[in-house]
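K.L.:
Below: one structure in structure tokens.
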Amino acid sequence: MNKIVEKLTVILGKRSYPIKIGSGIIKEDNIFWPLKPGDQAMLVTNKTLANLLKDKVFYHLRKSGIKIDQVILSDGEQYKTLNEMEVIISALLEKKHTRDTTLIALGGGVIGDLTGFAASVYQRGVRFIQIPTTLLSQVDASVGGKTSVNHLFGKNMIGSFWQPSSVIIDVDCLKTLPYNQLVSGMAEVIKYAIIFDESFFSWLEENIETILSLDYKAISYCIKKCCELKAKLISLDEREKNFRALLNLGHTYGHAIEVHAGYGNWLHGEAISAGIVMAARTSELLGNLEKNDFKRILMLLKRTGLPIKGPKNMSAASYIPYMMRDKKVISGEIRLVLPLSIGKAEIYSNIDKNIILSAIKDSQ
Ligand SMILES: NC(=O)c1ccc[n+]([C@@H]2O[C@H](COP(=O)([O-])OP(=O)(O)OC[C@H]3O[C@@H](n4cnc5c(N)ncnc54)[C@H](O)[C@@H]3O)[C@@H](O)[C@H]2O)c1
Ligand SMILES: O=C(O)C(=O)C[C@@H](O)[C@H](O)[C@H](O)COP(=O)(O)O
Ligand SMILES: [Zn+2]
């Protein structure tokens with residue numbers, strides 16, 4: 001039986017929105033709220049999802065009385081570009097979509113980020129709904145309203161804060177997800193545990209094999225836990241004025257790896273995993289993280305099948321120019337999210353460059 005097992009809310013006043021998590025829920029009545037019969041919408045997806053899931057979602061949208069069009073993009077991180085954004089915008093204009101239209105993102109973080117960005121600028125802003133289909137997008141990317149495209153010089157360099165009207169997480173989507181993508185998504189799950197919750201981290205240590213076997217109960221728990229943590233944080237600091245930046249743990253290094261390797265050659269979660277190790281090692285070298293905590297982080301990432309080292313052909317020095325373009329940089333100063341213990345992280349500035357370089361070298 002299809003069932004919504006959890007309904008969470010991102011509390012943002014009039015822009016508050018629900019996150020519905022369940023099995024087979026794309027088929028539920030009224031699932032596409034706030035869409036109602038007669039509304040116009042544009043489904044944005046990629047070629048892979050078009051073959052796997054699009055028809056099912058299309059059928060249920062039609063059944064719900066929605067006037068639905070579609071645009072199918074190329075698949076891959078290398079297509080998270082302004083060019084693909086224009087493909088979405090052109091499709092909206094060709095099909096005469098007006099300001100009351102709704103974009104529906106069906107896919108992973110790439111489709112979600114692109115669709116959200118297009119929604120934020122089309123005719124100065126229209127509604128959008130997230131239907132995330134990867135673990136990574138279900139635990140992180142679909143919630144919180146960070147939308148973006150990449151630039152040759154840096155990840156997510158062009159974007160906006162634009163919240164979805166609802167997030168529909170159907171855990172059944174994960175059944176077709178390639179194993180390496182499941183593993184990649186776990187990097188963000190482990191990130192949440194390191195930043196916020198020691199007992200969640202211990203639970204992950206105990207259950208990692210069960211989660212990776214796609215056990216429904218275990219995977220739903222991971223999704224719910226991460227969405228709860230993120231929803232709470234977004235409600236308090238929507239625009240990263242402050243502690244939302246904690247969600248960037250591992251990303252200053254990870255984004256450098258993604259750009260340097262060429263978009264798509266390192267999956268986002270893989271790069272973030274190596275970045276988490278670098279951040280943890282920096283913290284250990286600064287005397288802020290105990291050796292045992294560092295080891296536990298390393299072990300869990302390794303057992304998950306995630307990389308614990310950066311690319312061999314990337315020198316420590318070559319990280320720095322990318323890190324200097326990171327969005328957290330203030331007055332030319334690199335700011336890093338560093339774990340202090342498992343379950344606690346903080347944002348640091350004025351870190352000795354030699355320590356940053358040593359930590360990267362130790363993780364090569
Ligand atoms: N906005 C945010 O807050 C946020 C947070 C984290 C990551 N991100 C961004 O998300 C992106 C990574 O997202 P991702 O890991 O989902 O990658 P992705 O969107 O590229 O999806 C990974 C691959 O899985 C395929 N796929 C998706 N769902 C599938 C399914 N159910 N079955 C089979 N194949 C499926 C996709 O077609 C793609 O080939 C990065 O660009 C990253 O910067 C954004
Ligand atoms: O939601 C956030 O805030 C995050 O930082 C989540 C990250 O996992 C995500 O990859 C984000 O896009 C990175 O931050 P960015 O500001 O550099 O795009
Ligand atoms: Zn991320």
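How things are named: the first chain in the structure tokens is A, the next is B, and so on; residues count from 1 in each chain; ligands count from 1 in the order shown.
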What residues in region 103-342 of chain A get the DSSP label helix (DSSP H, G or I)? Please answer as a PyMOL selection string.
P.N.:
chain A and resi 109-124+135-141+171-176+179-196+198-212+216-236+243-248+251-261+268-285+291-304+319-324
K.L.:
Keeping only C-alpha atoms, write the selected residues as a CSV table (one decimal), in the first residue's frame.
P.N.:
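part_22.csv written:
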```
chain,number,residue,atom,x,y,z
A,109,GLY,CA,20.2,17.4,-7.4
A,110,VAL,CA,21.2,18.5,-10.8
A,111,ILE,CA,17.6,18.7,-12.1
A,112,GLY,CA,16.4,20.2,-8.8
A,113,ASP,CA,19.1,23.0,-8.7
A,114,LEU,CA,18.5,23.8,-12.4
A,115,THR,CA,14.7,23.8,-12.2
A,116,GLY,CA,14.7,25.8,-9.0
A,117,PHE,CA,16.9,28.4,-10.5
A,118,ALA,CA,14.7,28.6,-13.7
A,119,ALA,CA,11.7,29.0,-11.4
A,120,SER,CA,13.3,31.8,-9.5
A,121,VAL,CA,13.9,33.9,-12.7
A,122,TYR,CA,11.2,32.9,-15.1
A,123,GLN,CA,9.0,36.0,-15.4
A,124,ARG,CA,10.7,37.1,-12.1
A,135,LEU,CA,19.3,9.6,-2.1
A,136,LEU,CA,21.4,12.8,-2.2
A,137,SER,CA,18.6,14.9,-3.4
A,138,GLN,CA,16.1,13.3,-1.0
A,139,VAL,CA,18.3,13.9,2.1
A,140,ASP,CA,19.7,17.3,1.1
A,141,ALA,CA,19.4,19.0,-2.3
A,171,VAL,CA,11.5,6.3,-1.4
A,172,ASP,CA,10.6,3.7,-4.1
A,173,CYS,CA,12.4,5.8,-6.7
A,174,LEU,CA,15.7,4.6,-5.1
A,175,LYS,CA,15.1,1.1,-6.4
A,176,THR,CA,16.5,2.0,-9.8
A,179,TYR,CA,24.8,1.8,-6.4
A,180,ASN,CA,27.5,4.4,-6.7
A,181,GLN,CA,24.9,7.1,-6.6
A,182,LEU,CA,23.4,5.6,-3.4
A,183,VAL,CA,26.9,5.6,-1.9
A,184,SER,CA,27.4,9.2,-3.0
A,185,GLY,CA,24.2,10.3,-1.3
A,186,MET,CA,25.4,8.7,2.0
A,187,ALA,CA,28.2,11.3,2.1
A,188,GLU,CA,25.7,14.0,2.8
A,189,VAL,CA,23.9,11.8,5.3
A,190,ILE,CA,27.2,11.2,7.2
A,191,LYS,CA,27.8,15.0,6.9
A,192,TYR,CA,24.6,15.7,8.8
A,193,ALA,CA,25.5,13.2,11.6
A,194,ILE,CA,29.0,14.7,12.0
A,195,ILE,CA,27.7,18.3,12.2
A,196,PHE,CA,24.7,17.7,14.4
A,198,GLU,CA,26.5,11.9,17.6
A,199,SER,CA,23.8,9.3,18.3
A,200,PHE,CA,22.7,9.4,14.6
A,201,PHE,CA,26.4,8.8,13.7
A,202,SER,CA,26.5,5.8,16.0
A,203,TRP,CA,23.3,4.5,14.5
A,204,LEU,CA,24.9,4.9,11.0
A,205,GLU,CA,28.0,2.9,12.2
A,206,GLU,CA,25.7,0.1,13.3
A,207,ASN,CA,23.4,0.1,10.3
A,208,ILE,CA,25.5,1.1,7.3
A,209,GLU,CA,25.2,-2.3,5.6
A,210,THR,CA,21.5,-2.4,6.1
A,211,ILE,CA,21.1,1.1,4.7
A,212,LEU,CA,23.2,0.2,1.6
A,216,TYR,CA,13.1,0.5,3.5
A,217,LYS,CA,12.9,1.2,7.2
A,218,ALA,CA,16.6,2.2,7.5
A,219,ILE,CA,16.7,4.3,4.4
A,220,SER,CA,13.4,6.1,5.3
A,221,TYR,CA,14.9,6.9,8.7
A,222,CYS,CA,18.0,8.4,7.2
A,223,ILE,CA,15.9,10.6,4.9
A,224,LYS,CA,13.6,11.7,7.7
A,225,LYS,CA,16.4,12.5,10.0
A,226,CYS,CA,18.4,14.6,7.5
A,227,CYS,CA,15.2,16.4,6.3
A,228,GLU,CA,14.3,17.2,9.9
A,229,LEU,CA,17.8,18.6,10.7
A,230,LYS,CA,17.8,20.6,7.5
A,231,ALA,CA,14.2,21.9,7.8
A,232,LYS,CA,15.0,23.2,11.3
A,233,LEU,CA,18.2,24.9,10.2
A,234,ILE,CA,16.6,26.5,7.1
A,235,SER,CA,13.8,27.9,9.3
A,236,LEU,CA,16.4,29.6,11.4
A,243,PHE,CA,25.0,28.7,10.8
A,244,ARG,CA,23.4,27.4,7.6
A,245,ALA,CA,27.0,27.5,6.4
A,246,LEU,CA,27.7,24.4,8.6
A,247,LEU,CA,26.0,22.4,5.8
A,248,ASN,CA,29.1,23.2,3.8
A,251,HIS,CA,32.4,21.4,0.5
A,252,THR,CA,35.2,24.0,0.2
A,253,TYR,CA,37.6,21.1,-0.6
A,254,GLY,CA,35.0,19.0,-2.4
A,255,HIS,CA,33.9,21.7,-4.8
A,256,ALA,CA,37.6,22.3,-5.7
A,257,ILE,CA,37.9,18.5,-6.5
A,258,GLU,CA,34.7,18.6,-8.7
A,259,VAL,CA,35.9,21.6,-10.7
A,260,HIS,CA,39.5,20.4,-11.0
A,261,ALA,CA,38.5,16.9,-12.1
A,268,HIS,CA,29.3,15.4,-5.6
A,269,GLY,CA,29.1,13.0,-2.6
A,270,GLU,CA,32.5,11.4,-3.5
A,271,ALA,CA,34.2,14.8,-3.6
A,272,ILE,CA,32.4,15.8,-0.3
A,273,SER,CA,33.6,12.6,1.4
A,274,ALA,CA,37.3,13.4,0.6
A,275,GLY,CA,36.6,17.0,1.6
A,276,ILE,CA,35.1,15.9,5.0
A,277,VAL,CA,38.3,13.9,5.6
A,278,MET,CA,40.4,17.0,4.8
A,279,ALA,CA,38.3,19.2,7.1
A,280,ALA,CA,38.5,16.6,9.9
A,281,ARG,CA,42.3,16.3,9.5
A,282,THR,CA,42.6,20.2,9.5
A,283,SER,CA,40.7,20.2,12.8
A,284,GLU,CA,42.8,17.4,14.2
A,285,LEU,CA,46.0,19.3,13.3
A,291,LYS,CA,42.3,11.3,17.1
A,292,ASN,CA,39.6,8.8,17.9
A,293,ASP,CA,36.8,10.9,16.4
A,294,PHE,CA,38.9,11.5,13.2
A,295,LYS,CA,39.4,7.7,12.9
A,296,ARG,CA,35.6,7.0,13.4
A,297,ILE,CA,34.8,9.5,10.6
A,298,LEU,CA,37.4,8.0,8.3
A,299,MET,CA,36.2,4.4,9.0
A,300,LEU,CA,32.5,5.1,8.4
A,301,LEU,CA,33.2,6.9,5.1
A,302,LYS,CA,35.5,3.9,4.1
A,303,ARG,CA,33.0,1.3,5.1
A,304,THR,CA,30.3,3.1,3.1
A,319,TYR,CA,43.2,23.4,-4.1
A,320,ILE,CA,43.9,27.0,-2.9
A,321,PRO,CA,42.7,29.1,-5.9
A,322,TYR,CA,39.4,27.1,-6.0
A,323,MET,CA,39.1,27.5,-2.2
A,324,MET,CA,39.6,31.3,-2.5
```
K.L.:
Can you pull out every residue from region 133-298 of chain A that DSSP, working from the backbone, puts in strand (DSSP E), and format the result as an NGL selection string?
P.N.:
:A and (146-151 or 154-161 or 166-170)
K.L.:
Which residue out of A:Gln163, A:Asn288, A:Asp29, A:Thr81 has the minimum interatomic distance to Gly13 (chain A) when only C-alpha atoms are used?
P.N.:
A:Gln163
K.L.:
Ranking A:Ser142, A:Gln364, A:Ser349, A:Ser318 by minimum distance to ligand 2 and counting only C-alpha atoms and all ligand atoms, which one comes first?
P.N.:
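Closest to ligand 2 of all the choices is A:Ser142.
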K.L.:
So which residues touch Gln70 (chain A) within 6 Å, counting only C-alpha atoms, skipping near sequence neighbours fewer than 3 positions away, as a PyMOL selection string?
P.N.:
chain A and resi 42-44
K.L.:
Considering only C-alpha atoms, can you say which of A:Leu93, A:Leu106, A:Val143, A:Val329 comes closest to Phe58 (chain A)?
P.N.:
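Nearest to Phe58 (chain A): A:Leu106.
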K.L.:
Given the choices A:Lys27, A:Lys36, A:Lys344, A:Arg325, which gets closest to Met157 (chain A) if the distance is worked out from only C-alpha atoms?
P.N.:
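Comparing A:Lys27, A:Lys36, A:Lys344, A:Arg325 against Met157 (chain A), the winner is A:Arg325.
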K.L.:
Between CA of Ala345 (chain A) and CA of Met314 (chain A), measure the distance and give it in Å to one decimal.
P.N.:
26.6 Å
